[in-house]
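What follows is work18.cif (mmCIF, C-alpha atoms).
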data_entry
#
loop_
_atom_site.label_atom_id
_atom_site.label_comp_id
_atom_site.auth_asym_id
_atom_site.auth_seq_id
_atom_site.Cartn_x
_atom_site.Cartn_y
_atom_site.Cartn_z
CA MET A 1 -10.95 -27.50 -51.13
CA PRO A 2 -7.74 -28.79 -52.71
CA THR A 3 -7.75 -32.35 -53.94
CA THR A 4 -4.84 -34.74 -53.62
CA GLU A 5 -3.69 -34.03 -57.16
CA ASP A 6 -3.14 -30.31 -56.56
CA ALA A 7 -2.16 -30.46 -52.87
CA PRO A 8 0.90 -28.42 -52.05
CA GLY A 9 3.93 -30.34 -50.93
CA GLY A 10 3.35 -33.25 -53.30
CA ARG A 11 3.69 -36.79 -51.96
CA LEU A 12 2.12 -37.44 -48.56
CA ARG A 13 2.66 -40.26 -46.07
CA MET A 14 -0.49 -41.64 -44.47
CA LEU A 15 -0.70 -44.06 -41.57
CA ILE A 16 -4.06 -45.85 -41.48
CA LEU A 17 -4.98 -47.50 -38.17
CA SER A 18 -7.26 -50.49 -38.55
CA ALA A 19 -8.07 -53.55 -36.40
CA SER A 20 -8.32 -57.24 -37.19
CA MET A 21 -11.86 -57.47 -35.82
CA GLY A 22 -13.60 -59.38 -38.59
CA ALA A 23 -12.76 -58.02 -42.03
CA GLY A 24 -14.69 -54.77 -42.37
CA HIS A 25 -12.16 -52.37 -40.86
CA ASP A 26 -9.29 -53.91 -42.80
CA THR A 27 -11.31 -53.78 -46.03
CA VAL A 28 -11.89 -50.04 -45.64
CA ALA A 29 -8.27 -49.44 -44.65
CA ALA A 30 -6.99 -51.33 -47.69
CA GLU A 31 -9.23 -49.36 -50.04
CA LEU A 32 -8.12 -46.03 -48.57
CA ALA A 33 -4.49 -47.14 -48.98
CA ARG A 34 -5.12 -48.19 -52.58
CA ARG A 35 -6.66 -44.82 -53.41
CA ALA A 36 -3.75 -43.01 -51.79
CA ALA A 37 -1.22 -45.08 -53.75
CA ASP A 38 -3.08 -44.41 -57.00
CA ARG A 39 -2.58 -40.70 -56.36
CA GLY A 40 1.13 -41.08 -55.77
CA HIS A 41 1.13 -41.06 -51.98
CA GLU A 42 2.57 -43.53 -49.51
CA ALA A 43 0.05 -45.28 -47.28
CA ARG A 44 0.71 -47.86 -44.60
CA VAL A 45 -1.95 -49.84 -42.73
CA ALA A 46 -1.24 -50.83 -39.12
CA ASP A 47 -3.33 -52.97 -36.75
CA VAL A 48 -3.94 -51.04 -33.54
CA LEU A 49 -4.41 -54.34 -31.71
CA ALA A 50 -0.83 -55.27 -32.61
CA LEU A 51 0.37 -52.03 -30.99
CA LEU A 52 -1.04 -53.07 -27.61
CA PRO A 53 1.52 -54.70 -25.29
CA TYR A 54 1.39 -58.01 -23.41
CA GLY A 55 -0.76 -59.74 -26.03
CA LEU A 56 -3.77 -57.64 -25.06
CA GLY A 57 -4.79 -57.14 -28.69
CA THR A 58 -4.91 -60.86 -29.36
CA GLY A 59 -6.96 -61.39 -26.22
CA LEU A 60 -9.42 -58.68 -27.22
CA ARG A 61 -9.87 -60.14 -30.68
CA ARG A 62 -10.39 -63.68 -29.43
CA GLY A 63 -12.78 -62.57 -26.72
CA TYR A 64 -14.85 -60.51 -29.15
CA GLN A 65 -14.91 -63.29 -31.72
CA ALA A 66 -16.03 -65.86 -29.17
CA SER A 67 -18.75 -63.61 -27.79
CA VAL A 68 -20.34 -62.66 -31.12
CA ARG A 69 -20.23 -66.27 -32.31
CA HIS A 70 -21.31 -68.10 -29.18
CA LEU A 71 -22.52 -65.61 -26.54
CA PRO A 72 -24.11 -62.74 -28.44
CA TRP A 73 -26.18 -61.76 -25.39
CA LEU A 74 -22.93 -61.18 -23.51
CA TYR A 75 -21.58 -58.95 -26.27
CA GLY A 76 -24.87 -57.06 -26.25
CA GLY A 77 -24.37 -56.34 -22.55
CA VAL A 78 -20.80 -55.16 -23.08
CA TYR A 79 -21.93 -52.93 -25.94
CA GLY A 80 -24.65 -51.41 -23.79
CA ALA A 81 -22.24 -50.70 -20.94
CA PHE A 82 -19.25 -49.40 -22.90
CA LEU A 83 -20.36 -48.27 -26.34
CA ARG A 84 -24.03 -47.38 -26.79
CA ALA A 85 -24.80 -43.67 -26.89
CA GLY A 86 -26.81 -42.17 -24.06
CA PRO A 87 -26.70 -39.90 -21.02
CA GLY A 88 -24.51 -40.46 -18.01
CA ARG A 89 -20.90 -41.44 -17.55
CA ARG A 90 -19.67 -44.69 -19.09
CA PRO A 91 -16.32 -46.48 -19.04
CA SER A 92 -13.84 -44.98 -21.51
CA GLY A 93 -11.58 -46.76 -23.96
CA VAL A 94 -8.73 -44.30 -23.33
CA PRO A 95 -6.97 -46.25 -20.53
CA LEU A 96 -6.63 -49.30 -22.77
CA ALA A 97 -5.87 -47.33 -25.93
CA ARG A 98 -3.06 -45.28 -24.39
CA LEU A 99 -1.10 -48.48 -23.67
CA ALA A 100 -0.34 -48.42 -27.41
CA GLY A 101 0.76 -44.77 -27.34
CA ASP A 102 4.52 -45.25 -27.36
CA ARG A 103 4.42 -47.78 -30.18
CA LEU A 104 2.16 -45.56 -32.26
CA THR A 105 4.31 -42.45 -31.87
CA GLU A 106 7.42 -44.49 -32.71
CA LEU A 107 5.70 -45.78 -35.85
CA VAL A 108 4.60 -42.28 -36.87
CA ASP A 109 8.13 -40.94 -36.41
CA ARG A 110 9.76 -43.85 -38.21
CA MET A 111 7.42 -43.52 -41.16
CA GLY A 112 7.51 -39.74 -41.19
CA ALA A 113 3.71 -39.73 -41.44
CA ASP A 114 1.92 -36.52 -42.38
CA VAL A 115 -1.48 -37.69 -41.14
CA VAL A 116 -3.01 -40.58 -39.21
CA VAL A 117 -6.42 -42.00 -40.18
CA SER A 118 -8.34 -44.23 -37.77
CA VAL A 119 -10.96 -46.66 -39.07
CA PHE A 120 -11.51 -48.42 -35.73
CA HIS A 121 -12.91 -46.90 -32.55
CA LEU A 122 -10.05 -47.93 -30.24
CA ALA A 123 -7.63 -46.25 -32.65
CA ALA A 124 -9.76 -43.09 -32.53
CA GLN A 125 -9.49 -43.09 -28.74
CA LEU A 126 -5.71 -43.48 -28.98
CA THR A 127 -5.11 -40.73 -31.53
CA GLY A 128 -7.50 -38.36 -29.79
CA HIS A 129 -5.76 -38.92 -26.45
CA LEU A 130 -2.32 -38.33 -27.96
CA ARG A 131 -3.37 -35.25 -29.95
CA GLU A 132 -5.02 -33.71 -26.90
CA ARG A 133 -1.79 -34.10 -24.90
CA GLY A 134 0.65 -33.18 -27.65
CA GLY A 135 2.04 -36.69 -28.03
CA LEU A 136 0.99 -36.93 -31.68
CA ARG A 137 2.34 -34.05 -33.73
CA VAL A 138 0.51 -34.76 -37.00
CA PRO A 139 -3.22 -34.37 -37.62
CA SER A 140 -5.64 -37.18 -36.88
CA ALA A 141 -8.69 -37.99 -38.99
CA VAL A 142 -11.32 -40.55 -37.98
CA PHE A 143 -13.29 -42.36 -40.67
CA LEU A 144 -16.36 -43.47 -38.72
CA LEU A 145 -17.48 -46.41 -40.79
CA ASP A 146 -20.59 -47.39 -38.78
CA PHE A 147 -24.11 -46.20 -39.49
CA ALA A 148 -24.72 -46.08 -35.73
CA VAL A 149 -22.33 -43.80 -33.83
CA HIS A 150 -21.30 -45.25 -30.50
CA ARG A 151 -19.41 -43.32 -27.88
CA GLN A 152 -16.08 -45.10 -28.20
CA TRP A 153 -15.63 -43.56 -31.66
CA LEU A 154 -15.73 -40.09 -30.10
CA HIS A 155 -12.76 -38.18 -28.71
CA PRO A 156 -12.40 -34.38 -28.80
CA GLY A 157 -8.67 -34.55 -29.48
CA ASN A 158 -9.09 -35.74 -33.06
CA ASP A 159 -8.88 -33.10 -35.78
CA ARG A 160 -11.63 -34.24 -38.15
CA TYR A 161 -14.39 -36.83 -38.47
CA LEU A 162 -15.58 -38.36 -41.74
CA CYS A 163 -19.02 -39.97 -41.56
CA LEU A 164 -21.19 -42.22 -43.73
CA THR A 165 -24.38 -40.17 -43.44
CA ASP A 166 -25.63 -36.72 -42.45
CA ALA A 167 -27.41 -38.31 -39.48
CA ALA A 168 -24.14 -39.78 -38.20
CA ALA A 169 -22.36 -36.47 -38.78
CA ALA A 170 -25.04 -34.60 -36.83
CA GLN A 171 -24.64 -37.01 -33.93
CA VAL A 172 -20.89 -36.44 -33.86
CA ARG A 173 -21.39 -32.67 -33.91
CA ARG A 174 -23.72 -32.91 -30.92
CA SER A 175 -20.96 -34.63 -28.98
CA LEU A 176 -17.74 -32.99 -30.18
CA ALA A 177 -16.64 -29.50 -31.18
CA VAL A 178 -14.52 -30.70 -34.09
CA PRO A 179 -14.94 -30.43 -37.88
CA VAL A 180 -17.21 -33.15 -39.26
CA VAL A 181 -17.99 -33.98 -42.91
CA THR A 182 -20.23 -36.50 -44.63
CA THR A 183 -18.40 -38.50 -47.29
CA GLY A 184 -20.44 -41.69 -47.61
CA PRO A 185 -18.87 -45.16 -47.45
CA VAL A 186 -15.61 -46.28 -49.01
CA VAL A 187 -15.83 -49.32 -51.30
CA ALA A 188 -13.67 -50.62 -54.12
CA PRO A 189 -14.66 -49.30 -57.58
CA ALA A 190 -15.57 -52.82 -58.74
CA PHE A 191 -18.74 -52.71 -56.63
CA ARG A 192 -20.07 -49.71 -58.56
CA ALA A 193 -19.25 -51.02 -62.04
CA PRO A 194 -20.46 -53.91 -64.21
CA ALA A 195 -19.21 -57.14 -62.61
CA PRO A 196 -17.63 -59.59 -65.07
CA GLY A 197 -17.85 -62.39 -62.52
CA ALA A 198 -21.64 -62.15 -62.19
CA ALA A 199 -22.21 -64.44 -65.18
CA ARG A 200 -20.22 -67.25 -63.56
CA TRP A 201 -22.20 -66.94 -60.35
CA ARG A 202 -25.51 -66.98 -62.26
CA GLU A 203 -24.45 -70.13 -64.08
CA ARG A 204 -23.54 -71.77 -60.78
CA PHE A 205 -26.87 -70.81 -59.23
CA ALA A 206 -28.81 -72.05 -62.26
CA ARG A 207 -27.07 -75.42 -62.11
CA ARG A 208 -27.79 -75.72 -58.41
CA ALA A 209 -31.43 -74.57 -58.38
CA PRO A 210 -32.90 -73.63 -61.78
CA GLY A 211 -35.45 -70.85 -61.63
CA ARG A 212 -34.92 -70.04 -57.94
CA PRO A 213 -33.84 -66.45 -57.16
CA PRO A 214 -30.60 -66.55 -55.14
CA VAL A 215 -30.90 -64.76 -51.79
CA LEU A 216 -27.63 -64.00 -50.04
CA LEU A 217 -27.41 -64.45 -46.24
CA SER A 218 -24.43 -62.72 -44.67
CA ALA A 219 -22.78 -63.95 -41.48
CA GLY A 220 -19.69 -61.75 -41.76
CA ALA A 221 -16.05 -62.76 -41.91
CA TRP A 222 -16.34 -64.70 -38.66
CA GLY A 223 -19.56 -66.47 -39.57
CA ALA A 224 -21.60 -64.96 -36.73
CA ALA A 225 -25.32 -65.35 -37.36
CA SER A 226 -28.48 -66.32 -35.55
CA ARG A 227 -30.07 -69.55 -36.84
CA PRO A 228 -28.83 -69.29 -40.44
CA ALA A 229 -29.79 -72.90 -41.21
CA ALA A 230 -33.39 -72.23 -40.15
CA THR A 231 -33.50 -69.10 -42.33
CA ALA A 232 -32.09 -71.11 -45.23
CA ARG A 233 -34.85 -73.72 -44.84
CA LEU A 234 -37.47 -70.97 -44.76
CA LEU A 235 -36.17 -69.40 -47.96
CA ALA A 236 -35.89 -72.75 -49.75
CA ALA A 237 -39.46 -73.66 -48.85
CA ALA A 238 -40.59 -70.32 -50.31
CA GLY A 239 -38.90 -70.99 -53.67
CA TYR A 240 -35.58 -69.18 -53.22
CA LEU A 241 -32.01 -70.45 -53.35
CA PRO A 242 -30.42 -69.56 -49.98
CA VAL A 243 -26.74 -68.65 -50.46
CA VAL A 244 -25.06 -68.43 -47.06
CA LEU A 245 -21.83 -66.47 -46.62
CA CYS A 246 -20.06 -68.32 -43.81
CA GLY A 247 -16.85 -66.31 -43.97
CA ARG A 248 -13.95 -68.14 -42.37
CA ASN A 249 -16.15 -70.16 -40.02
CA GLU A 250 -15.74 -73.72 -41.27
CA ARG A 251 -18.01 -75.14 -38.56
CA LEU A 252 -20.84 -72.95 -39.75
CA ARG A 253 -20.14 -73.89 -43.35
CA GLU A 254 -20.34 -77.60 -42.53
CA ARG A 255 -23.58 -77.05 -40.63
CA VAL A 256 -25.20 -75.17 -43.52
CA ARG A 257 -23.97 -77.79 -45.99
CA ARG A 258 -26.28 -80.27 -44.26
CA GLU A 259 -29.20 -78.25 -45.57
CA PRO A 260 -29.74 -79.83 -49.01
CA ALA A 261 -31.40 -76.77 -50.55
CA ALA A 262 -28.78 -74.26 -49.35
CA LEU A 263 -25.48 -73.24 -50.92
CA ALA A 264 -22.81 -72.68 -48.25
CA LEU A 265 -19.91 -70.44 -49.23
CA GLY A 266 -16.66 -69.84 -47.38
CA TRP A 267 -14.48 -66.80 -47.94
CA VAL A 268 -15.39 -65.20 -51.28
CA ASP A 269 -12.87 -63.18 -53.29
CA ASP A 270 -15.29 -62.07 -56.03
CA MET A 271 -17.84 -60.21 -53.93
CA PRO A 272 -18.76 -57.74 -56.71
CA GLY A 273 -19.75 -60.60 -59.00
CA LEU A 274 -21.64 -62.45 -56.27
CA LEU A 275 -23.64 -59.40 -55.23
CA ALA A 276 -24.48 -58.55 -58.84
CA ALA A 277 -25.83 -62.07 -59.38
CA CYS A 278 -28.13 -62.18 -56.34
CA TYR A 279 -31.75 -61.16 -55.82
CA ALA A 280 -31.34 -59.58 -52.35
CA LEU A 281 -29.09 -59.52 -49.30
CA VAL A 282 -30.39 -60.64 -45.91
CA ASP A 283 -28.11 -58.78 -43.50
CA ASN A 284 -27.54 -58.95 -39.75
CA ALA A 285 -24.89 -56.34 -38.99
CA ALA A 286 -25.07 -53.22 -41.22
CA GLY A 287 -21.38 -53.70 -41.94
CA GLN A 288 -19.26 -53.77 -45.07
CA THR A 289 -21.26 -56.47 -46.85
CA ALA A 290 -24.37 -54.29 -46.54
CA VAL A 291 -22.44 -51.23 -47.79
CA GLN A 292 -21.07 -53.22 -50.73
CA ALA A 293 -24.59 -54.40 -51.56
CA LEU A 294 -25.83 -50.79 -51.66
CA ALA A 295 -22.99 -49.91 -54.02
CA ALA A 296 -23.79 -52.88 -56.26
CA GLY A 297 -27.49 -52.03 -56.43
CA LEU A 298 -28.64 -55.01 -54.36
CA PRO A 299 -31.56 -54.41 -51.96
CA VAL A 300 -30.84 -55.08 -48.28
CA ILE A 301 -33.22 -56.68 -45.78
CA ALA A 302 -32.38 -56.73 -42.06
CA HIS A 303 -33.20 -60.00 -40.29
CA ARG A 304 -32.05 -61.37 -36.93
CA PRO A 305 -29.44 -58.63 -36.31
CA LEU A 306 -26.55 -59.28 -33.99
CA PRO A 307 -27.01 -57.69 -30.55
CA GLY A 308 -25.23 -54.42 -29.92
CA HIS A 309 -23.74 -52.72 -32.96
CA GLY A 310 -25.69 -54.98 -35.35
CA THR A 311 -29.05 -54.02 -33.89
CA ASP A 312 -28.21 -50.31 -33.75
CA GLY A 313 -26.70 -50.31 -37.23
CA VAL A 314 -29.63 -51.99 -38.97
CA ARG A 315 -32.01 -49.65 -37.14
CA ARG A 316 -30.13 -46.64 -38.52
CA MET A 317 -30.10 -48.10 -42.01
CA THR A 318 -33.84 -48.68 -41.77
CA GLU A 319 -34.47 -45.10 -40.62
CA LEU A 320 -32.56 -43.86 -43.67
CA GLY A 321 -34.49 -46.11 -46.05
CA LEU A 322 -31.35 -48.10 -46.88
CA SER A 323 -32.72 -51.37 -45.54
CA LYS A 324 -36.07 -52.96 -44.77
CA PRO A 325 -36.63 -54.60 -41.39
CA ALA A 326 -37.90 -58.19 -41.27
CA PRO A 327 -38.32 -59.09 -37.59
CA ASP A 328 -39.81 -62.53 -38.25
CA ALA A 329 -40.23 -65.18 -40.96
CA PRO A 330 -43.47 -63.81 -42.50
CA ALA A 331 -41.97 -60.32 -42.67
CA LEU A 332 -38.84 -61.65 -44.37
CA LEU A 333 -40.81 -63.46 -47.05
CA ALA A 334 -43.08 -60.44 -47.55
CA ALA A 335 -40.09 -58.12 -47.94
CA LEU A 336 -38.51 -60.44 -50.50
CA GLY A 337 -41.79 -60.76 -52.37
CA ARG A 338 -41.96 -57.00 -52.94
CA LEU A 339 -38.59 -56.96 -54.73
CA GLY A 340 -39.61 -58.35 -58.10
CA GLU A 341 -37.26 -57.62 -60.98
CA HIS A 342 -39.22 -54.75 -62.52
CA THR A 343 -41.11 -53.48 -59.47
CA ARG A 344 -41.16 -49.87 -58.37
CA GLU A 345 -40.08 -50.97 -54.90
CA ARG A 346 -36.89 -52.54 -56.20
CA ALA A 347 -36.03 -49.55 -58.36
CA ASP A 348 -36.60 -47.14 -55.47
CA ARG A 349 -34.53 -49.22 -53.08
CA VAL A 350 -31.62 -49.46 -55.51
CA ALA A 351 -31.70 -45.72 -56.22
CA ARG A 352 -31.85 -44.80 -52.53
CA GLY A 353 -28.95 -47.09 -51.72
CA ARG A 354 -26.70 -45.48 -54.27
CA THR A 355 -27.36 -41.94 -52.98
CA VAL A 356 -25.32 -42.68 -49.86
CA PHE A 357 -22.09 -42.60 -51.91
CA ARG A 358 -21.51 -38.88 -51.92
CA GLY A 359 -17.89 -37.79 -51.78
CA GLU A 360 -14.26 -38.81 -51.69
CA ALA A 361 -13.05 -39.40 -48.16
CA LEU A 362 -9.42 -39.27 -49.21
CA ASP A 363 -9.75 -35.64 -50.34
CA HIS A 364 -10.59 -34.60 -46.79
CA VAL A 365 -7.65 -36.55 -45.40
CA THR A 366 -5.16 -34.98 -47.80
CA GLU A 367 -6.60 -31.50 -47.22
CA LEU A 368 -6.12 -32.00 -43.49
CA ALA A 369 -2.51 -33.12 -44.00
CA THR A 370 -1.52 -30.34 -46.42
CA ASN A 371 -3.07 -27.54 -44.37
CA ARG A 372 -1.71 -28.50 -40.96
#
Will you turn the file into structure tokens for me?
Amino acid sequence: MPTTEDAPGGRLRMLILSASMGAGHDTVAAELARRAADRGHEARVADVLALLPYGLGTGLRRGYQASVRHLPWLYGGVYGAFLRAGPGRRPSGVPLARLAGDRLTELVDRMGADVVVSVFHLAAQLTGHLRERGGLRVPSAVFLLDFAVHRQWLHPGNDRYLCLTDAAAAQVRRSLAVPVVTTGPVVAPAFRAPAPGAARWRERFARRAPGRPPVLLSAGAWGAASRPAATARLLAAAGYLPVVLCGRNERLRERVRREPAALALGWVDDMPGLLAACYALVDNAAGQTAVQALAAGLPVIAHRPLPGHGTDGVRRMTELGLSKPAPDAPALLAALGRLGEHTRERADRVARGRTVFRGEALDHVTELATNR
């Protein structure tokens, strides 16, 4: 397979379709664009929600944000009806996605794109619909960045699927007759290298709670978590320093700040350093923070997952040995207790986590574009 460096035709133009739903999709899109630029290509990231007319994208984002923060049971119901895999007919995302069709094709033509890459499921529905009907004249790749494959990622019109794991790839193949490859996740190189910022984080933790191992609790970019203050109290009582990632949710940050033994963090720019300085990650969504932790060699424990994609994602990670489930407080403390610094369990977990990073997703995108 040709790599980007030896691809015929030289410089390529890539349009990457993301969505401002939290930060995970945009993080992956930005890293793909950075890699493309490093290889001399032009890459542009567009928000598929912004391509929807009548303010529909803004409404979708606000509705999703409100549901995962305040009504997670409602989001779980929506996920079960629209997204979860299973037999029988379900509502499709195509009718909504195709409302953005004209704006997408105009953008592709204006940019002169050679390939379109979707990193969000609504974008995959849109590109698949357009490719199937001849409205999109350049190839479409889908980077399926979830461990659990839900049906709204899947459309037979797309030209290629890139998946995190062999299990995800096999599930796509069972549903679609399109080429599928396993590439592993996409993370910035800093997560897989020594982190200069780790020393500063360790100093901060030592000043705050000397001798207490820092345990990171992730609530995502929107600060969506189930009872994080209670989990923080549990960890503090067991001798840990709970470090709660509140994202951009200032209300959550203020609430956690009232827990005297917890350290509440807002948006963090130095995630490689933070992950390298922590003892473990307590995760609830199997999203980009969990992937970054695997890259950094930080063991992941699943506790109180978000309904819907969070529950399915952490289940898949558990099945692959990439995370340990902790359904209740005793299980969480037991899981943490088995991760001592020089234990076999910790070494095995770190090694297994790093095996998921297998290939270069960008190579498959450029090969698709150059061989169209």
Q. Closest to Gly135 in chain A among A:Gly247, A:Pro72, A:Pro189, A:Gly157, using all atoms listed in the file?
A.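 Ranked by minimum distance to Gly135 in chain A, first place goes to A:Gly157.
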Q | Expected selection from the PyMOL selection byres ((chain A and resi 128) around 9), given as number ranges by chain | A | A: 94, 123-127, 129-133, 136, 140, 154-159
Q. Mind telling me what the PyMOL selection byres ((chain A and resi 309) around 10) catches here, as an MDAnalysis selection string?
A. chainID A and resid 75:76 79:80 83:84 146:150 284:287 305:308 310:315
Q.
When the PyMOL selection byres ((chain A and resi 168-176) around 12) is applied to the structure above, which residues does it catch, written out as a ChimeraX atom specification?
A. /A:85-87,128,142-167,177-185,313,316-317,319-320
Just give me the residues with any atom within 9 Å of (-23.0, -61.8, -59.5), file coordinates, counting only C-alpha atoms, written as a CSV table (one decimal) with C-alpha atoms, keeping the file's coordinate frame.
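Done, and the output landed in result_33.csv:
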chain,number,residue,atom,x,y,z
A,195,ALA,CA,-19.2,-57.1,-62.6
A,196,PRO,CA,-17.6,-59.6,-65.1
A,197,GLY,CA,-17.8,-62.4,-62.5
A,198,ALA,CA,-21.6,-62.2,-62.2
A,199,ALA,CA,-22.2,-64.4,-65.2
A,200,ARG,CA,-20.2,-67.2,-63.6
A,201,TRP,CA,-22.2,-66.9,-60.4
A,202,ARG,CA,-25.5,-67.0,-62.3
A,270,ASP,CA,-15.3,-62.1,-56.0
A,271,MET,CA,-17.8,-60.2,-53.9
A,272,PRO,CA,-18.8,-57.7,-56.7
A,273,GLY,CA,-19.8,-60.6,-59.0
A,274,LEU,CA,-21.6,-62.4,-56.3
A,275,LEU,CA,-23.6,-59.4,-55.2
A,276,ALA,CA,-24.5,-58.6,-58.8
A,277,ALA,CA,-25.8,-62.1,-59.4
A,278,CYS,CA,-28.1,-62.2,-56.3
Q. Which distance in Å separates CA of Arg62 in chain A and CA of Ser18 in chain A, to one decimal?
A. 16.3 Å
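The coordinates place CA of Leu281 in chain A at 26.7 Å from CA of Arg34 in chain A.
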Q) Nearest to Gly297 in chain A: which of A:Pro325, A:Gly353, A:Pro242, A:Gly40 is it, counting all atoms listed in the file? A)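 Using all atoms listed in the file, the shortest distance to Gly297 in chain A belongs to A:Gly353.
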Q: Could you give me, as a PyMOL selection string, the residues within 8 Å of Ala46 in chain A, counting all atoms listed in the file and dropping anything in the same chain fewer than 2 positions from it?
A: chain A and resi 15-19+44+48+50
Please produce an output containing C-alpha atoms for each residue in the selection, written as a PDB file, in the frame of the given file.
ATOM      1  CA  LEU A  15      -0.700 -44.060 -41.570  1.00  0.00           C
ATOM      2  CA  ILE A  16      -4.060 -45.850 -41.480  1.00  0.00           C
ATOM      3  CA  LEU A  17      -4.980 -47.500 -38.170  1.00  0.00           C
ATOM      4  CA  SER A  18      -7.260 -50.490 -38.550  1.00  0.00           C
ATOM      5  CA  ALA A  19      -8.070 -53.550 -36.400  1.00  0.00           C
ATOM      6  CA  ARG A  44       0.710 -47.860 -44.600  1.00  0.00           C
ATOM      7  CA  VAL A  48      -3.940 -51.040 -33.540  1.00  0.00           C
ATOM      8  CA  ALA A  50      -0.830 -55.270 -32.610  1.00  0.00           C
TER       9      ALA A  50
END
Q.
From the options A:Val215, A:Asp269, A:Leu298, A:Gly22, which residue's atoms come nearest to Ala351 in chain A, counting all atoms listed in the file?
A. A:Leu298
Q) If you count all atoms listed in the file, which residues fall within 12 Å of Ala236 in chain A, apart from same-chain ones fewer than 3 positions away, as a ChimeraX atom specification? A) /A:209,212-215,229-233,239-244,259-263,333
Excluding Arg304 in chain A and its own-chain neighbours fewer than 4 positions away, which residues fall within 8 Å of it when counting all atoms listed in the file? Please give them as a short mmCIF file (atom, residue, chain, number, x, y, z; two decimals) with C-alpha atoms, in the coordinates of the input.
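Heads up, here's the output in part-v5.cif:
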data_model
loop_
_atom_site.label_atom_id
_atom_site.label_comp_id
_atom_site.auth_asym_id
_atom_site.auth_seq_id
_atom_site.Cartn_x
_atom_site.Cartn_y
_atom_site.Cartn_z
CA ALA A 225 -25.32 -65.35 -37.36
CA SER A 226 -28.48 -66.32 -35.55
CA ASN A 284 -27.54 -58.95 -39.75
CA ALA A 326 -37.90 -58.19 -41.27
CA PRO A 327 -38.32 -59.09 -37.59
CA ASP A 328 -39.81 -62.53 -38.25
#
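Pairwise distance (CA of Asp102 in chain A, CA of Arg137 in chain A) equals 13.1 Å.
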Q) Taking only C-alpha atoms into account, which of A:Leu332, A:Leu74, A:Ala36, A:Arg251 comes nearest Leu235 in chain A? A) A:Leu332
Q) For Ala29 in chain A, which residue out of A:Ala190, A:Leu96, A:Cys246, A:Val119 is the nearest one, using all atoms listed in the file? A)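 Going through A:Ala190, A:Leu96, A:Cys246, A:Val119 one by one, the smallest distance to Ala29 in chain A is for A:Val119.
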Q) Excluding same-chain residues fewer than 3 positions from Leu339 in chain A, what lies within 9 Å of it counting only C-alpha atoms, as an MDAnalysis selection string? A) chainID A and resid 279:280 299 335:336 342:347 349
How would the residues just picked look written out with C-alpha atoms as a compact mmCIF listing (two decimals), keeping the file's coordinate frame?
# COMPACT_ATOMS: atom_id res chain seq x y z
CA TYR A 279 -31.75 -61.16 -55.82
CA ALA A 280 -31.34 -59.58 -52.35
CA PRO A 299 -31.56 -54.41 -51.96
CA ALA A 335 -40.09 -58.12 -47.94
CA LEU A 336 -38.51 -60.44 -50.50
CA HIS A 342 -39.22 -54.75 -62.52
CA THR A 343 -41.11 -53.48 -59.47
CA ARG A 344 -41.16 -49.87 -58.37
CA GLU A 345 -40.08 -50.97 -54.90
CA ARG A 346 -36.89 -52.54 -56.20
CA ALA A 347 -36.03 -49.55 -58.36
CA ARG A 349 -34.53 -49.22 -53.08
